[in-house]
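Q: Quick one: the structure is below, questions incoming.
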Amino acid sequence: MINQEKKDHILSLIAEIADIQKDDIKDESTFEEIGMDSLMALELAVRIEREFEVFIQEEELMNLRKVEDVFLFVEQGGFID
Amino acid sequence: MKVNTDEYQKKTALVTGGSKGIGREVVKLLAKNNINVIFTYNKNYKAAYALMEELKDCNVFITGIPCDLNNQSEIDHLVTTILYTYPNLHFLVNNAGTNIDKPFSQIKDDDWHNVIQVNLNATAYLTQKLLRRILIQQGSVVNVTSISGITGAIGQTNYSAAKAGIIGFTRSLAKEVGTFNVRVNCVAPGYIETEMLDSVPSTNIKRIKKQTALKRLGNKKEIAETILFLLSDKASYITGQTLIVDGGLI
Ligand SMILES: NC(=O)c1ccc[n+]([C@@H]2O[C@H](COP(=O)([O-])OP(=O)(O)OC[C@H]3O[C@@H](n4cnc5c(N)ncnc54)[C@H](OP(=O)(O)O)[C@@H]3O)[C@@H](O)[C@H]2O)c1
């Protein structure tokens, strides 16, 4: 399981980018439900790469559709820490 | 122009069409400013090797990669090489260009597609594939267009269309990626002394010089310096623009 600190960090990023309250984001929310368009998703990917030092391949980016997909990706993506 | 070299420490640039002309000057200037450079060339491998040799004592790495921008599999190979070997890309200079000048009525399908492909499509495709790397590094993009894309020119319908396309592309992309603190700009050279001018008759060159406020052709270094300026933080509030460097011709 992804640790709470990283999860919080990701939720804060999503809230900031989609301009919504963190509490309104559920793990199973789709990007569409929280009003995250493709440009915002790109911004999220960029911020995650920059702040967590992971490398997201183009194909992987296409597979990120829900908030929990992002948790799973970060959990499995192998941080370089 | 010599810029603060610390600013560029370890930064990497991709310059298309770096084997000769303006691109070659850009490669040299970036290297002198401590920027690692990957440059592409089409056929001119001797010039590419000579450039690598010339810059071998610079404190940065310089690599030339052959890539015909008219050949999709070669472009994809270039993209893969960059993504996997040099993922920390900061700067992209879409400089490679070609022209096939003819009256519009004589332009064949191939003449049209070749010029649009190398100048416009390859610029857009490469930028799209490498964009996320540049966004992550908060880098910058400069596309080389031409005054021909602004004013039009007899015999250059294909070239003007491609170069005008680059200007529109640049404006829109700048709006899309500004939020990432990434800037995208164009440089529009006037008549610059490179092989590209070989096909222009000398009487036309004479006339062009007369019509130019500074009464001379431009040189490659003047364009390279402008490109470096737009890439650098000195241009930190300039995006979506086309900087005309034509000695006061248009
Ligand atoms: N010179 C001018 O007066 C002038 C004016 C306005 C705009 N521009 C623009 O400035 C840019 C540079 O022009 P330049 O005068 O330096 O031209 P140049 O001396 O002819 O150099 C062109 C460069 O582009 C490369 N190139 C050409 N066709 C290519 C292809 N199919 N695939 C990959 N690379 C290709 C060449 O590679 P090889 O050496 O391997 O062939 C070379 O490195 C171009 O975009 C041009 O349109 C030039």
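Letters for chains follow the order of the structure tokens (A, B, ...), residue numbers begin at 1 for each chain, and ligand numbers begin at 1 in the order shown.
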Among the residues of region 29-188 of chain B, find those DSSP assigns to strand (DSSP E) from the backbone and print them as a list in words.
A: Asn36, Val37, Ile38, Phe39, Thr40, Tyr41, Ile62, Thr63, Gly64, Ile65, Pro66, Leu89, His90, Phe91, Leu92, Val93, Asn94, Ser140, Val141, Val142, Asn143, Val144, Arg183, Val184, Asn185, Cys186, Val187 and Ala188 of chain B
Q: Let's have the selection written as a short mmCIF file (atom, residue, chain, number, x, y, z; two decimals), in the first residue's frame, with C-alpha atoms.
A:
```
data_model
loop_
_atom_site.label_atom_id
_atom_site.label_comp_id
_atom_site.auth_asym_id
_atom_site.auth_seq_id
_atom_site.Cartn_x
_atom_site.Cartn_y
_atom_site.Cartn_z
CA ASN B 36 25.18 19.82 -23.84
CA VAL B 37 24.00 19.52 -27.42
CA ILE B 38 22.48 16.75 -29.44
CA PHE B 39 22.15 17.84 -33.02
CA THR B 40 20.66 16.14 -36.03
CA TYR B 41 21.72 16.18 -39.63
CA ILE B 62 28.13 17.05 -28.31
CA THR B 63 26.45 14.29 -30.28
CA GLY B 64 25.32 14.27 -33.89
CA ILE B 65 22.49 11.92 -34.83
CA PRO B 66 21.53 11.32 -38.47
CA LEU B 89 16.08 17.71 -22.20
CA HIS B 90 15.75 21.45 -21.51
CA PHE B 91 15.88 23.08 -24.88
CA LEU B 92 14.56 22.24 -28.31
CA VAL B 93 15.55 24.21 -31.39
CA ASN B 94 13.54 23.16 -34.43
CA SER B 140 12.17 26.35 -23.64
CA VAL B 141 11.54 25.84 -27.36
CA VAL B 142 12.59 27.95 -30.33
CA ASN B 143 11.26 27.24 -33.80
CA VAL B 144 12.99 28.69 -36.83
CA ARG B 183 8.19 29.29 -23.30
CA VAL B 184 7.84 28.68 -27.02
CA ASN B 185 9.01 31.26 -29.54
CA CYS B 186 10.00 31.67 -33.17
CA VAL B 187 12.87 33.36 -34.87
CA ALA B 188 12.14 34.63 -38.37
#
```
Q: Show me which bits of chain A are within 12 Å of chain B, counting only C-alpha atoms, as a list in words.
A: Ile17, Ser38, Leu39, Met40, Ala41, Leu42, Glu43, Leu44, Ala45, Val46, Arg47, Ile48, Glu49, Arg50, Glu51, Phe52, Glu53, Val54, Phe55, Ile56, Gln57, Glu58, Glu59 and Leu61 of chain A
Q: Can I get the selection written as a CSV table (one decimal), in the first residue's frame, with N, CA and C atoms?
A:
```
chain,number,residue,atom,x,y,z
A,17,ILE,N,-4.3,21.3,-9.0
A,17,ILE,CA,-4.4,21.3,-10.5
A,17,ILE,C,-5.9,21.4,-10.9
A,38,SER,N,-7.5,16.7,-20.1
A,38,SER,CA,-6.2,16.1,-20.5
A,38,SER,C,-5.0,16.9,-20.3
A,39,LEU,N,-5.2,18.3,-20.4
A,39,LEU,CA,-4.1,19.2,-20.1
A,39,LEU,C,-3.7,19.1,-18.6
A,40,MET,N,-4.8,19.1,-17.8
A,40,MET,CA,-4.5,19.0,-16.3
A,40,MET,C,-3.9,17.7,-16.0
A,41,ALA,N,-4.3,16.6,-16.7
A,41,ALA,CA,-3.7,15.3,-16.4
A,41,ALA,C,-2.2,15.3,-16.8
A,42,LEU,N,-1.9,16.1,-17.9
A,42,LEU,CA,-0.5,16.2,-18.3
A,42,LEU,C,0.3,17.0,-17.2
A,43,GLU,N,-0.4,18.0,-16.7
A,43,GLU,CA,0.3,18.8,-15.6
A,43,GLU,C,0.5,17.9,-14.4
A,44,LEU,N,-0.5,17.1,-14.1
A,44,LEU,CA,-0.3,16.2,-12.9
A,44,LEU,C,0.9,15.2,-13.2
A,45,ALA,N,1.0,14.7,-14.4
A,45,ALA,CA,2.1,13.8,-14.7
A,45,ALA,C,3.4,14.5,-14.5
A,46,VAL,N,3.5,15.7,-15.0
A,46,VAL,CA,4.7,16.5,-14.9
A,46,VAL,C,5.1,16.7,-13.5
A,47,ARG,N,4.1,17.1,-12.7
A,47,ARG,CA,4.4,17.4,-11.3
A,47,ARG,C,4.8,16.2,-10.5
A,48,ILE,N,4.1,15.1,-10.8
A,48,ILE,CA,4.5,13.8,-10.2
A,48,ILE,C,5.9,13.4,-10.5
A,49,GLU,N,6.3,13.5,-11.8
A,49,GLU,CA,7.6,13.2,-12.2
A,49,GLU,C,8.7,14.0,-11.5
A,50,ARG,N,8.3,15.3,-11.4
A,50,ARG,CA,9.3,16.3,-10.9
A,50,ARG,C,9.4,16.1,-9.3
A,51,GLU,N,8.3,15.9,-8.7
A,51,GLU,CA,8.3,15.9,-7.2
A,51,GLU,C,8.6,14.6,-6.6
A,52,PHE,N,8.2,13.5,-7.3
A,52,PHE,CA,8.5,12.2,-6.8
A,52,PHE,C,9.7,11.5,-7.5
A,53,GLU,N,10.3,12.2,-8.5
A,53,GLU,CA,11.4,11.6,-9.2
A,53,GLU,C,11.1,10.2,-9.8
A,54,VAL,N,9.9,10.1,-10.4
A,54,VAL,CA,9.6,8.8,-11.1
A,54,VAL,C,9.6,9.2,-12.6
A,55,PHE,N,9.7,8.2,-13.5
A,55,PHE,CA,9.6,8.4,-14.9
A,55,PHE,C,8.3,7.8,-15.4
A,56,ILE,N,7.5,8.6,-16.0
A,56,ILE,CA,6.2,8.0,-16.5
A,56,ILE,C,6.3,8.0,-18.0
A,57,GLN,N,6.1,6.8,-18.5
A,57,GLN,CA,6.2,6.6,-20.0
A,57,GLN,C,4.9,7.1,-20.6
A,58,GLU,N,5.0,7.5,-21.9
A,58,GLU,CA,3.7,8.0,-22.6
A,58,GLU,C,2.6,7.0,-22.4
A,59,GLU,N,2.9,5.7,-22.6
A,59,GLU,CA,1.8,4.7,-22.6
A,59,GLU,C,1.2,4.6,-21.2
A,61,LEU,N,0.9,7.0,-19.1
A,61,LEU,CA,0.1,8.2,-18.8
A,61,LEU,C,-1.3,8.0,-19.3
```
Q: Taking the chain letters and numbering used in this document, name the residues of region 44-227 of chain B that DSSP puts in helix (DSSP H, G or I), as an MDAnalysis selection string.
A: chainID B and resid 45:54 72:85 104:106 109:137 148:151 157:180 195:199 202:211 220:227
Q: Could you give me, as JSON, numbers by chain, every polymer residue with an atom at most 7 Å away from an atom of ligand 1, counting only C-alpha atoms and all ligand atoms?
A: {"B": [16, 17, 18, 19, 20, 21, 22, 23, 40, 41, 42, 43, 44, 45, 67, 68, 69, 70, 95, 96, 97, 98, 99, 118, 119, 144, 145, 146, 147, 188, 189, 190, 191, 192, 193, 194, 195, 196, 197]}
Q: Considering only C-alpha atoms, state which residue in the set B:Ser172, B:Phe61, B:Glu54, B:Ser232 is at the smallest distance from Arg24 (chain B).
A: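 When distances to Arg24 (chain B) are compared using only C-alpha atoms, the smallest one comes from B:Glu54.
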